[in-house]
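**Student:** Just one file: protein_38.pdb, with PDB, C-alpha atoms.
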ATOM      1  CA  MET A   1      79.139 120.026  92.305
ATOM      2  CA  PRO A   2      80.037 123.726  92.086
ATOM      3  CA  PRO A   3      77.716 126.166  93.886
ATOM      4  CA  GLU A   4      75.140 127.861  91.709
ATOM      5  CA  ASN A   5      76.115 131.246  90.414
ATOM      6  CA  ASN A   6      73.945 133.839  92.093
ATOM      7  CA  SER A   7      75.000 136.864  90.047
ATOM      8  CA  ARG A   8      72.408 136.288  87.393
ATOM      9  CA  ALA A   9      71.822 139.693  85.932
ATOM     10  CA  LYS A  10      73.527 138.932  82.608
ATOM     11  CA  PRO A  11      73.333 135.382  81.345
ATOM     12  CA  GLU A  12      75.853 134.746  78.596
ATOM     13  CA  HIS A  13      74.381 131.807  76.734
ATOM     14  CA  HIS A  14      72.753 132.323  73.371
ATOM     15  CA  CYS A  15      69.736 130.045  73.710
ATOM     16  CA  SER A  16      66.756 131.696  75.386
ATOM     17  CA  ILE A  17      65.907 128.533  77.282
ATOM     18  CA  HIS A  18      69.399 128.443  78.780
ATOM     19  CA  ARG A  19      69.350 132.201  79.453
ATOM     20  CA  SER A  20      65.994 131.900  81.189
ATOM     21  CA  LEU A  21      67.164 129.007  83.337
ATOM     22  CA  ASP A  22      70.261 131.012  84.293
ATOM     23  CA  LEU A  23      67.834 133.545  85.758
ATOM     24  CA  ILE A  24      65.160 131.362  87.317
ATOM     25  CA  GLY A  25      66.337 127.794  86.894
ATOM     26  CA  GLU A  26      66.001 126.309  90.312
ATOM     27  CA  LYS A  27      63.011 125.273  92.316
ATOM     28  CA  TRP A  28      62.716 128.019  94.897
ATOM     29  CA  SER A  29      62.810 130.894  92.437
ATOM     30  CA  LEU A  30      59.845 129.611  90.463
ATOM     31  CA  LEU A  31      57.950 128.751  93.651
ATOM     32  CA  ILE A  32      58.465 132.319  94.904
ATOM     33  CA  VAL A  33      57.004 133.551  91.614
ATOM     34  CA  ARG A  34      54.098 131.105  91.989
ATOM     35  CA  ASN A  35      53.313 132.442  95.456
ATOM     36  CA  ALA A  36      53.682 136.038  94.260
ATOM     37  CA  LEU A  37      51.109 135.276  91.542
ATOM     38  CA  ARG A  38      48.798 134.148  94.373
ATOM     39  CA  GLY A  39      49.185 137.567  95.986
ATOM     40  CA  GLU A  40      51.988 137.060  98.487
ATOM     41  CA  SER A  41      54.575 139.819  98.809
ATOM     42  CA  ARG A  42      56.197 139.666 102.244
ATOM     43  CA  PHE A  43      59.305 137.805 103.301
ATOM     44  CA  SER A  44      57.434 136.127 106.162
ATOM     45  CA  GLU A  45      54.666 134.929 103.802
ATOM     46  CA  PHE A  46      57.116 133.342 101.376
ATOM     47  CA  ARG A  47      59.156 131.842 104.221
ATOM     48  CA  ASP A  48      56.192 130.378 106.095
ATOM     49  CA  ASN A  49      54.166 129.187 103.105
ATOM     50  CA  LEU A  50      57.099 127.742 101.144
ATOM     51  CA  GLY A  51      59.040 126.369 104.115
ATOM     52  CA  VAL A  52      62.225 127.727 102.546
ATOM     53  CA  PRO A  53      65.171 128.504 104.852
ATOM     54  CA  SER A  54      65.573 132.249 105.445
ATOM     55  CA  ASP A  55      69.081 132.443 104.005
ATOM     56  CA  VAL A  56      68.007 130.703 100.803
ATOM     57  CA  LEU A  57      64.940 132.943 100.528
ATOM     58  CA  THR A  58      67.057 136.076 100.995
ATOM     59  CA  ALA A  59      69.404 134.958  98.205
ATOM     60  CA  ARG A  60      66.585 133.998  95.829
ATOM     61  CA  LEU A  61      64.622 137.215  96.367
ATOM     62  CA  SER A  62      67.780 139.180  95.678
ATOM     63  CA  SER A  63      68.447 137.235  92.466
ATOM     64  CA  LEU A  64      64.857 137.736  91.307
ATOM     65  CA  VAL A  65      65.128 141.494  91.956
ATOM     66  CA  ASP A  66      68.447 141.616  90.055
ATOM     67  CA  ALA A  67      66.851 139.688  87.190
ATOM     68  CA  GLY A  68      63.959 142.153  86.961
ATOM     69  CA  VAL A  69      61.341 139.571  87.953
ATOM     70  CA  LEU A  70      60.468 141.189  91.295
ATOM     71  CA  GLU A  71      60.661 144.738  92.544
ATOM     72  CA  ARG A  72      61.325 145.660  96.147
ATOM     73  CA  ARG A  73      59.140 148.247  97.897
ATOM     74  CA  PRO A  74      59.593 149.609 101.437
ATOM     75  CA  TYR A  75      56.725 149.412 103.924
ATOM     76  CA  ARG A  76      56.390 149.966 107.635
ATOM     77  CA  GLU A  77      53.795 148.530 110.001
ATOM     78  CA  PRO A  78      52.885 150.741 113.011
ATOM     79  CA  GLY A  79      55.580 150.392 115.666
ATOM     80  CA  GLU A  80      57.787 148.201 113.452
ATOM     81  CA  ARG A  81      60.994 148.885 111.535
ATOM     82  CA  GLU A  82      60.895 149.499 107.814
ATOM     83  CA  ARG A  83      60.757 146.301 105.811
ATOM     84  CA  TYR A  84      60.563 145.429 102.126
ATOM     85  CA  SER A  85      57.863 143.687 100.184
ATOM     86  CA  TYR A  86      58.364 142.014  96.810
ATOM     87  CA  HIS A  87      56.087 142.527  93.828
ATOM     88  CA  LEU A  88      56.056 141.004  90.368
ATOM     89  CA  THR A  89      57.142 143.203  87.491
ATOM     90  CA  ASP A  90      55.632 142.724  84.016
ATOM     91  CA  GLU A  91      58.526 140.356  83.352
ATOM     92  CA  GLY A  92      57.666 138.401  86.497
ATOM     93  CA  ARG A  93      53.938 138.236  85.743
ATOM     94  CA  ALA A  94      54.792 136.855  82.300
ATOM     95  CA  LEU A  95      56.182 133.735  84.005
ATOM     96  CA  LYS A  96      52.553 132.747  84.610
ATOM     97  CA  THR A  97      52.670 130.923  81.281
ATOM     98  CA  VAL A  98      55.736 128.916  82.328
ATOM     99  CA  LEU A  99      54.124 128.018  85.651
ATOM    100  CA  ILE A 100      50.833 126.972  84.083
ATOM    101  CA  ALA A 101      52.765 124.846  81.570
ATOM    102  CA  LEU A 102      54.499 123.162  84.534
ATOM    103  CA  GLN A 103      51.171 122.755  86.301
ATOM    104  CA  GLU A 104      49.519 121.092  83.316
ATOM    105  CA  TRP A 105      52.475 118.771  82.861
ATOM    106  CA  GLY A 106      52.321 117.800  86.533
ATOM    107  CA  ASP A 107      48.552 117.289  86.480
ATOM    108  CA  GLU A 108      48.912 115.017  83.461
ATOM    109  CA  TYR A 109      51.913 112.908  84.411
ATOM    110  CA  ASN A 110      52.355 113.197  88.167
ATOM    111  CA  PRO A 111      48.982 114.188  89.642
ATOM    112  CA  ASN A 112      48.378 114.843  93.303
ATOM    113  CA  PRO A 113      46.448 111.817  94.622
ATOM    114  CA  GLY A 114      44.118 114.127  96.553
ATOM    115  CA  GLY A 115      43.071 116.148  93.524
ATOM    116  CA  ARG A 116      44.078 119.401  91.907
ATOM    117  CA  VAL A 117      45.297 122.268  94.061
ATOM    118  CA  SER A 118      44.629 124.928  91.474
ATOM    119  CA  LEU A 119      42.641 125.305  88.295
ATOM    120  CA  THR A 120      43.093 127.633  85.345
ATOM    121  CA  ARG A 121      40.179 129.858  84.427
ATOM    122  CA  ASP A 122      39.323 132.569  81.947
ATOM    123  CA  VAL A 123      38.330 135.469  84.213
ATOM    124  CA  VAL A 124      35.886 136.794  81.610
ATOM    125  CA  THR A 125      33.751 133.688  81.049
ATOM    126  CA  GLY A 126      34.866 131.405  83.896
ATOM    127  CA  GLN A 127      35.688 128.687  81.362
ATOM    128  CA  HIS A 128      38.545 126.303  81.967
ATOM    129  CA  ALA A 129      41.633 127.461  80.075
ATOM    130  CA  SER A 130      44.630 125.439  79.008
ATOM    131  CA  ILE A 131      47.969 126.031  77.351
ATOM    132  CA  GLY A 132      48.026 125.625  73.616
ATOM    133  CA  PHE A 133      49.978 126.594  70.562
ATOM    134  CA  VAL A 134      48.587 129.226  68.243
ATOM    135  CA  ALA A 135      49.803 129.902  64.694
ATOM    136  CA  ASP A 136      50.232 133.438  63.420
ATOM    137  CA  ASP A 137      46.930 133.113  61.530
ATOM    138  CA  GLY A 138      45.150 132.503  64.854
ATOM    139  CA  SER A 139      44.544 128.799  64.401
ATOM    140  CA  VAL A 140      45.063 126.494  67.355
ATOM    141  CA  LEU A 141      47.724 123.870  66.659
ATOM    142  CA  ASP A 142      48.245 120.315  67.826
ATOM    143  CA  ALA A 143      51.262 120.407  70.182
ATOM    144  CA  ALA A 144      52.719 117.419  68.342
ATOM    145  CA  ASP A 145      52.904 119.555  65.192
ATOM    146  CA  VAL A 146      54.978 122.252  66.860
ATOM    147  CA  THR A 147      58.724 121.952  66.520
ATOM    148  CA  LEU A 148      61.820 123.972  67.321
ATOM    149  CA  VAL A 149      64.002 124.862  64.360
ATOM    150  CA  PRO A 150      67.384 126.623  64.398
ATOM    151  CA  GLY A 151      67.120 130.417  64.349
ATOM    152  CA  PRO A 152      69.468 133.055  62.889
ATOM    153  CA  ALA A 153      71.841 132.866  65.867
ATOM    154  CA  ALA A 154      72.006 129.067  65.975
ATOM    155  CA  THR A 155      75.469 127.613  66.304
ATOM    156  CA  PHE A 156      76.706 124.055  65.980
ATOM    157  CA  SER A 157      75.111 123.004  69.241
ATOM    158  CA  TRP A 158      72.381 125.705  69.294
TER
ATOM    159  CA  MET B   1      71.762 125.305 102.035
ATOM    160  CA  PRO B   2      70.807 121.616 102.194
ATOM    161  CA  PRO B   3      71.786 119.491  99.190
ATOM    162  CA  GLU B   4      69.029 118.896  96.669
ATOM    163  CA  ASN B   5      67.125 115.693  97.134
ATOM    164  CA  ASN B   6      67.955 113.380  94.264
ATOM    165  CA  SER B   7      65.429 110.646  95.014
ATOM    166  CA  ARG B   8      62.651 112.302  93.085
ATOM    167  CA  ALA B   9      60.387 109.483  92.088
ATOM    168  CA  LYS B  10      57.551 110.449  94.471
ATOM    169  CA  PRO B  11      57.117 114.138  95.216
ATOM    170  CA  GLU B  12      54.925 114.693  98.249
ATOM    171  CA  HIS B  13      53.655 118.207  97.731
ATOM    172  CA  HIS B  14      50.072 118.752  96.636
ATOM    173  CA  CYS B  15      50.533 121.556  94.118
ATOM    174  CA  SER B  16      51.395 120.342  90.621
ATOM    175  CA  ILE B  17      53.851 123.177  90.105
ATOM    176  CA  HIS B  18      55.745 122.157  93.224
ATOM    177  CA  ARG B  19      55.519 118.457  92.323
ATOM    178  CA  SER B  20      56.854 119.180  88.844
ATOM    179  CA  LEU B  21      59.737 121.231  90.178
ATOM    180  CA  ASP B  22      60.586 118.440  92.606
ATOM    181  CA  LEU B  23      61.102 116.295  89.507
ATOM    182  CA  ILE B  24      62.763 118.688  87.087
ATOM    183  CA  GLY B  25      63.338 121.906  88.982
ATOM    184  CA  GLU B  26      66.913 122.738  88.353
ATOM    185  CA  LYS B  27      68.719 124.000  85.332
ATOM    186  CA  TRP B  28      70.526 120.944  84.062
ATOM    187  CA  SER B  29      67.512 118.659  84.021
ATOM    188  CA  LEU B  30      65.532 120.941  81.737
ATOM    189  CA  LEU B  31      68.574 121.568  79.539
ATOM    190  CA  ILE B  32      69.032 117.811  79.120
ATOM    191  CA  VAL B  33      65.378 117.615  78.026
ATOM    192  CA  ARG B  34      65.941 120.545  75.645
ATOM    193  CA  ASN B  35      68.886 118.773  74.025
ATOM    194  CA  ALA B  36      66.950 115.494  73.883
ATOM    195  CA  LEU B  37      64.173 117.328  72.017
ATOM    196  CA  ARG B  38      66.872 118.386  69.535
ATOM    197  CA  GLY B  39      67.684 114.725  68.957
ATOM    198  CA  GLU B  40      70.586 114.083  71.321
ATOM    199  CA  SER B  41      70.587 110.788  73.211
ATOM    200  CA  ARG B  42      74.147 109.886  74.211
ATOM    201  CA  PHE B  43      75.996 110.752  77.401
ATOM    202  CA  SER B  44      78.881 112.233  75.424
ATOM    203  CA  GLU B  45      76.540 114.461  73.394
ATOM    204  CA  PHE B  46      74.865 115.880  76.496
ATOM    205  CA  ARG B  47      78.212 116.306  78.272
ATOM    206  CA  ASP B  48      79.981 118.005  75.372
ATOM    207  CA  ASN B  49      77.114 120.194  74.185
ATOM    208  CA  LEU B  50      75.929 121.284  77.621
ATOM    209  CA  GLY B  51      79.344 121.572  79.260
ATOM    210  CA  VAL B  52      77.931 119.836  82.327
ATOM    211  CA  PRO B  53      80.360 117.969  84.616
ATOM    212  CA  SER B  54      80.127 114.194  84.165
ATOM    213  CA  ASP B  55      79.143 113.479  87.774
ATOM    214  CA  VAL B  56      76.303 116.010  87.635
ATOM    215  CA  LEU B  57      75.145 114.635  84.269
ATOM    216  CA  THR B  58      75.145 111.066  85.618
ATOM    217  CA  ALA B  59      72.996 112.144  88.582
ATOM    218  CA  ARG B  60      70.569 114.160  86.466
ATOM    219  CA  LEU B  61      70.106 111.435  83.837
ATOM    220  CA  SER B  62      69.391 108.974  86.625
ATOM    221  CA  SER B  63      66.809 111.316  88.204
ATOM    222  CA  LEU B  64      65.132 111.881  84.849
ATOM    223  CA  VAL B  65      64.934 108.117  84.256
ATOM    224  CA  ASP B  66      63.482 107.611  87.767
ATOM    225  CA  ALA B  67      60.951 110.370  87.109
ATOM    226  CA  GLY B  68      59.816 108.729  83.871
ATOM    227  CA  VAL B  69      61.030 111.597  81.666
ATOM    228  CA  LEU B  70      63.771 109.602  79.932
ATOM    229  CA  GLU B  71      64.178 105.926  79.194
ATOM    230  CA  ARG B  72      67.542 104.182  79.019
ATOM    231  CA  ARG B  73      68.356 101.880  76.092
ATOM    232  CA  PRO B  74      71.509  99.790  75.660
ATOM    233  CA  TYR B  75      73.600 100.147  72.499
ATOM    234  CA  ARG B  76      77.021  98.978  71.413
ATOM    235  CA  GLU B  77      79.312 100.473  68.790
ATOM    236  CA  PRO B  78      81.594  97.985  66.966
ATOM    237  CA  GLY B  79      84.585  97.186  69.182
ATOM    238  CA  GLU B  80      83.219  99.181  72.128
ATOM    239  CA  ARG B  81      81.615  98.165  75.405
ATOM    240  CA  GLU B  82      77.867  98.346  75.840
ATOM    241  CA  ARG B  83      76.642 101.826  76.690
ATOM    242  CA  TYR B  84      73.254 103.424  77.318
ATOM    243  CA  SER B  85      71.450 106.076  75.383
ATOM    244  CA  TYR B  86      68.632 108.207  76.789
ATOM    245  CA  HIS B  87      65.352 108.828  75.003
ATOM    246  CA  LEU B  88      62.362 110.969  75.869
ATOM    247  CA  THR B  89      59.210 109.184  76.976
ATOM    248  CA  ASP B  90      55.780 110.668  76.211
ATOM    249  CA  GLU B  91      56.051 112.393  79.584
ATOM    250  CA  GLY B  92      59.422 113.845  78.603
ATOM    251  CA  ARG B  93      58.257 114.995  75.177
ATOM    252  CA  ALA B  94      55.369 116.803  76.865
ATOM    253  CA  LEU B  95      57.900 119.122  78.517
ATOM    254  CA  LYS B  96      58.244 120.782  75.102
ATOM    255  CA  THR B  97      55.473 123.140  76.153
ATOM    256  CA  VAL B  98      57.330 124.149  79.333
ATOM    257  CA  LEU B  99      60.541 124.723  77.372
ATOM    258  CA  ILE B 100      58.849 126.782  74.677
ATOM    259  CA  ALA B 101      57.154 128.856  77.402
ATOM    260  CA  LEU B 102      60.615 129.486  78.877
ATOM    261  CA  GLN B 103      61.990 130.287  75.442
ATOM    262  CA  GLU B 104      59.284 132.836  74.701
ATOM    263  CA  TRP B 105      59.755 134.467  78.099
ATOM    264  CA  GLY B 106      63.499 134.715  77.491
ATOM    265  CA  ASP B 107      63.097 136.068  73.962
ATOM    266  CA  GLU B 108      60.750 138.748  75.284
ATOM    267  CA  TYR B 109      62.535 139.883  78.431
ATOM    268  CA  ASN B 110      66.139 138.767  78.139
ATOM    269  CA  PRO B 111      66.896 138.298  74.440
ATOM    270  CA  ASN B 112      70.209 137.102  73.096
ATOM    271  CA  PRO B 113      71.945 140.185  71.602
ATOM    272  CA  GLY B 114      72.970 138.136  68.551
ATOM    273  CA  GLY B 115      69.456 137.033  67.676
ATOM    274  CA  ARG B 116      67.286 134.023  68.301
ATOM    275  CA  VAL B 117      68.850 130.588  68.520
ATOM    276  CA  SER B 118      65.661 128.705  67.821
ATOM    277  CA  LEU B 119      62.264 129.405  66.373
ATOM    278  CA  THR B 120      58.939 127.665  66.864
ATOM    279  CA  ARG B 121      57.178 126.389  63.760
ATOM    280  CA  ASP B 122      54.048 124.492  62.819
ATOM    281  CA  VAL B 123      55.454 121.523  60.900
ATOM    282  CA  VAL B 124      52.324 121.334  58.723
ATOM    283  CA  THR B 125      52.216 124.878  57.383
ATOM    284  CA  GLY B 126      55.634 126.252  58.408
ATOM    285  CA  GLN B 127      53.925 129.140  60.196
ATOM    286  CA  HIS B 128      55.408 130.642  63.316
ATOM    287  CA  ALA B 129      53.717 129.200  66.396
ATOM    288  CA  SER B 130      53.534 130.637  69.869
ATOM    289  CA  ILE B 131      52.209 129.645  73.270
ATOM    290  CA  GLY B 132      48.700 130.751  74.033
ATOM    291  CA  PHE B 133      45.771 129.990  76.263
ATOM    292  CA  VAL B 134      42.765 128.254  74.798
ATOM    293  CA  ALA B 135      39.343 128.027  76.457
ATOM    294  CA  ASP B 136      37.345 124.821  76.389
ATOM    295  CA  ASP B 137      35.181 126.246  73.603
ATOM    296  CA  GLY B 138      38.295 126.586  71.414
ATOM    297  CA  SER B 139      38.640 130.357  71.634
ATOM    298  CA  VAL B 140      42.098 131.846  72.079
ATOM    299  CA  LEU B 141      42.355 133.876  75.297
ATOM    300  CA  ASP B 142      44.380 136.906  76.299
ATOM    301  CA  ALA B 143      47.007 135.672  78.785
ATOM    302  CA  ALA B 144      46.090 138.548  81.112
ATOM    303  CA  ASP B 145      42.591 137.077  81.406
ATOM    304  CA  VAL B 146      43.843 133.703  82.581
ATOM    305  CA  THR B 147      44.047 133.194  86.316
ATOM    306  CA  LEU B 148      44.745 130.398  88.770
ATOM    307  CA  VAL B 149      41.956 129.639  91.234
ATOM    308  CA  PRO B 150      42.021 127.173  94.139
ATOM    309  CA  GLY B 151      41.078 123.633  93.143
ATOM    310  CA  PRO B 152      39.357 120.884  95.131
ATOM    311  CA  ALA B 153      42.580 119.938  96.946
ATOM    312  CA  ALA B 154      43.561 123.508  97.847
ATOM    313  CA  THR B 155      44.669 124.011 101.429
ATOM    314  CA  PHE B 156      45.328 127.173 103.384
ATOM    315  CA  SER B 157      48.488 127.947 101.449
ATOM    316  CA  TRP B 158      47.571 125.971  98.276
TER
END
In structure tokens, how does this file's structure come out?
**Tutor:**
Amino acid sequence: MPPENNSRAKPEHHCSIHRSLDLIGEKWSLLIVRNALRGESRFSEFRDNLGVPSDVLTARLSSLVDAGVLERRPYREPGERERYSYHLTDEGRALKTVLIALQEWGDEYNPNPGGRVSLTRDVVTGQHASIGFVADDGSVLDAADVTLVPGPAATFSW
Amino acid sequence: MPPENNSRAKPEHHCSIHRSLDLIGEKWSLLIVRNALRGESRFSEFRDNLGVPSDVLTARLSSLVDAGVLERRPYREPGERERYSYHLTDEGRALKTVLIALQEWGDEYNPNPGGRVSLTRDVVTGQHASIGFVADDGSVLDAADVTLVPGPAATFSW
């Protein structure tokens, strides 16, 4: 199997799903984004909480910065050398929807025997929130009624 | 970097996002599901339309069958040997939401210069549909108001 391409700044495929997966399509990248959504920003936090090897984490953080998902900011603790922390951009925060879609799929089809690790809430009312499909007129759709159709740039294999 | 674990039938992490990515967290698996949602089912279709090496495709199809995302069915063309085709289970079809979330993220932040390859439609009315968050009372929420909070099985690092 060839090594994954780590220069991900410019995916060349036409389909947005493929282009997105060229940017963030392996496990560690999305888990870094998950932990960043929980408030983590430091290399040591990601490394210790994810259990990801340092060299893999270095490569993934760099790819996510190149892709515009994270931004790097310098900081310095008293008596320490300057280090960098990693913060979600707007593009990175928008992956929340992808992660919650993955979470709901996992909770439905492959649940943790010990119960749910996280729940989705509306911060305004505290109500449980879930992923849905909404039509342009604001009506909530049945997921089974939603389909993908070829767009203007579709090719033979779209 | 250690090789990815291909025996994915029983992820051991607690978090559903992590458990889901243990099952389908690399690019080819989700692209196979994407093409299956478009109606493809045969090894040769996936191989030719995805451009994935045969040995990788064999491994990924096997993982997706083990994970319950695809089911294998025998078929035989006249004069040919028996082969298998691969069909989405209910669990596999439910990944449509994850893929459309990825598609919308890509269309927003990393669009194809030539235009969109696929569009999301309500099959009943033909309206454009998009991913949203819906509260238990049926109201459509602003994505910025949706947050993840620790669930009953949350640990120190949830």
**Student:** Tell me as a PDB file with C-alpha atoms, in the frame of the given file which residues belonging to chain B come within 6 Å of chain A, counting all atoms listed in the file.
**Tutor:**
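Produced file part-v7.pdb, reproduced below:
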ATOM      1  CA  HIS B  14      50.072 118.752  96.636  1.00  0.00           C
ATOM      2  CA  CYS B  15      50.533 121.556  94.118  1.00  0.00           C
ATOM      3  CA  SER B  16      51.395 120.342  90.621  1.00  0.00           C
ATOM      4  CA  ILE B  17      53.851 123.177  90.105  1.00  0.00           C
ATOM      5  CA  SER B  20      56.854 119.180  88.844  1.00  0.00           C
ATOM      6  CA  LEU B  21      59.737 121.231  90.178  1.00  0.00           C
ATOM      7  CA  GLY B  25      63.338 121.906  88.982  1.00  0.00           C
ATOM      8  CA  GLU B  26      66.913 122.738  88.353  1.00  0.00           C
ATOM      9  CA  LYS B  27      68.719 124.000  85.332  1.00  0.00           C
ATOM     10  CA  VAL B  98      57.330 124.149  79.333  1.00  0.00           C
ATOM     11  CA  ALA B 101      57.154 128.856  77.402  1.00  0.00           C
ATOM     12  CA  LEU B 102      60.615 129.486  78.877  1.00  0.00           C
ATOM     13  CA  GLN B 103      61.990 130.287  75.442  1.00  0.00           C
ATOM     14  CA  GLY B 106      63.499 134.715  77.491  1.00  0.00           C
ATOM     15  CA  ASP B 107      63.097 136.068  73.962  1.00  0.00           C
ATOM     16  CA  ASN B 112      70.209 137.102  73.096  1.00  0.00           C
ATOM     17  CA  GLY B 115      69.456 137.033  67.676  1.00  0.00           C
ATOM     18  CA  ARG B 116      67.286 134.023  68.301  1.00  0.00           C
ATOM     19  CA  VAL B 117      68.850 130.588  68.520  1.00  0.00           C
ATOM     20  CA  SER B 118      65.661 128.705  67.821  1.00  0.00           C
ATOM     21  CA  LEU B 119      62.264 129.405  66.373  1.00  0.00           C
ATOM     22  CA  THR B 120      58.939 127.665  66.864  1.00  0.00           C
ATOM     23  CA  ARG B 121      57.178 126.389  63.760  1.00  0.00           C
ATOM     24  CA  ASP B 122      54.048 124.492  62.819  1.00  0.00           C
ATOM     25  CA  VAL B 123      55.454 121.523  60.900  1.00  0.00           C
ATOM     26  CA  HIS B 128      55.408 130.642  63.316  1.00  0.00           C
ATOM     27  CA  ALA B 129      53.717 129.200  66.396  1.00  0.00           C
ATOM     28  CA  SER B 130      53.534 130.637  69.869  1.00  0.00           C
ATOM     29  CA  ILE B 131      52.209 129.645  73.270  1.00  0.00           C
ATOM     30  CA  GLY B 132      48.700 130.751  74.033  1.00  0.00           C
ATOM     31  CA  PHE B 133      45.771 129.990  76.263  1.00  0.00           C
ATOM     32  CA  VAL B 134      42.765 128.254  74.798  1.00  0.00           C
ATOM     33  CA  ALA B 135      39.343 128.027  76.457  1.00  0.00           C
ATOM     34  CA  ASP B 136      37.345 124.821  76.389  1.00  0.00           C
ATOM     35  CA  ASP B 145      42.591 137.077  81.406  1.00  0.00           C
ATOM     36  CA  VAL B 146      43.843 133.703  82.581  1.00  0.00           C
ATOM     37  CA  THR B 147      44.047 133.194  86.316  1.00  0.00           C
ATOM     38  CA  LEU B 148      44.745 130.398  88.770  1.00  0.00           C
ATOM     39  CA  VAL B 149      41.956 129.639  91.234  1.00  0.00           C
ATOM     40  CA  PRO B 150      42.021 127.173  94.139  1.00  0.00           C
ATOM     41  CA  GLY B 151      41.078 123.633  93.143  1.00  0.00           C
ATOM     42  CA  PRO B 152      39.357 120.884  95.131  1.00  0.00           C
ATOM     43  CA  ALA B 153      42.580 119.938  96.946  1.00  0.00           C
ATOM     44  CA  ALA B 154      43.561 123.508  97.847  1.00  0.00           C
TER      45      ALA B 154
END
**Student:** Just give me the gap between CA of Glu77 in chain B and CA of Arg42 in chain B in Å, one decimal is fine.
**Tutor:** 12.0 Å
**Student:** Around the point (67.4, 141.4, 97.6), in the coordinates given by the file, pick out the residues reaching within 12 Å, counting only C-alpha atoms, and return them as a short mmCIF file (atom, residue, chain, number, x, y, z; two decimals) with C-alpha atoms, keeping the file's coordinate frame.
**Tutor:**
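The new file result_17.cif reads:
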data_model
loop_
_atom_site.label_atom_id
_atom_site.label_comp_id
_atom_site.auth_asym_id
_atom_site.auth_seq_id
_atom_site.Cartn_x
_atom_site.Cartn_y
_atom_site.Cartn_z
CA ASN A 6 73.94 133.84 92.09
CA SER A 7 75.00 136.86 90.05
CA PHE A 43 59.30 137.80 103.30
CA ASP A 55 69.08 132.44 104.00
CA VAL A 56 68.01 130.70 100.80
CA LEU A 57 64.94 132.94 100.53
CA THR A 58 67.06 136.08 101.00
CA ALA A 59 69.40 134.96 98.20
CA ARG A 60 66.58 134.00 95.83
CA LEU A 61 64.62 137.22 96.37
CA SER A 62 67.78 139.18 95.68
CA SER A 63 68.45 137.24 92.47
CA LEU A 64 64.86 137.74 91.31
CA VAL A 65 65.13 141.49 91.96
CA ASP A 66 68.45 141.62 90.06
CA ALA A 67 66.85 139.69 87.19
CA GLY A 68 63.96 142.15 86.96
CA VAL A 69 61.34 139.57 87.95
CA LEU A 70 60.47 141.19 91.30
CA GLU A 71 60.66 144.74 92.54
CA ARG A 72 61.32 145.66 96.15
CA ARG A 73 59.14 148.25 97.90
CA PRO A 74 59.59 149.61 101.44
CA ARG A 83 60.76 146.30 105.81
CA TYR A 84 60.56 145.43 102.13
CA SER A 85 57.86 143.69 100.18
CA TYR A 86 58.36 142.01 96.81
CA HIS A 87 56.09 142.53 93.83
#
**Student:** Hey, can you check how far CA of Gly51 in chain B sits from CA of Tyr75 in chain B?
**Tutor:**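 So the answer is 23.2 Å.
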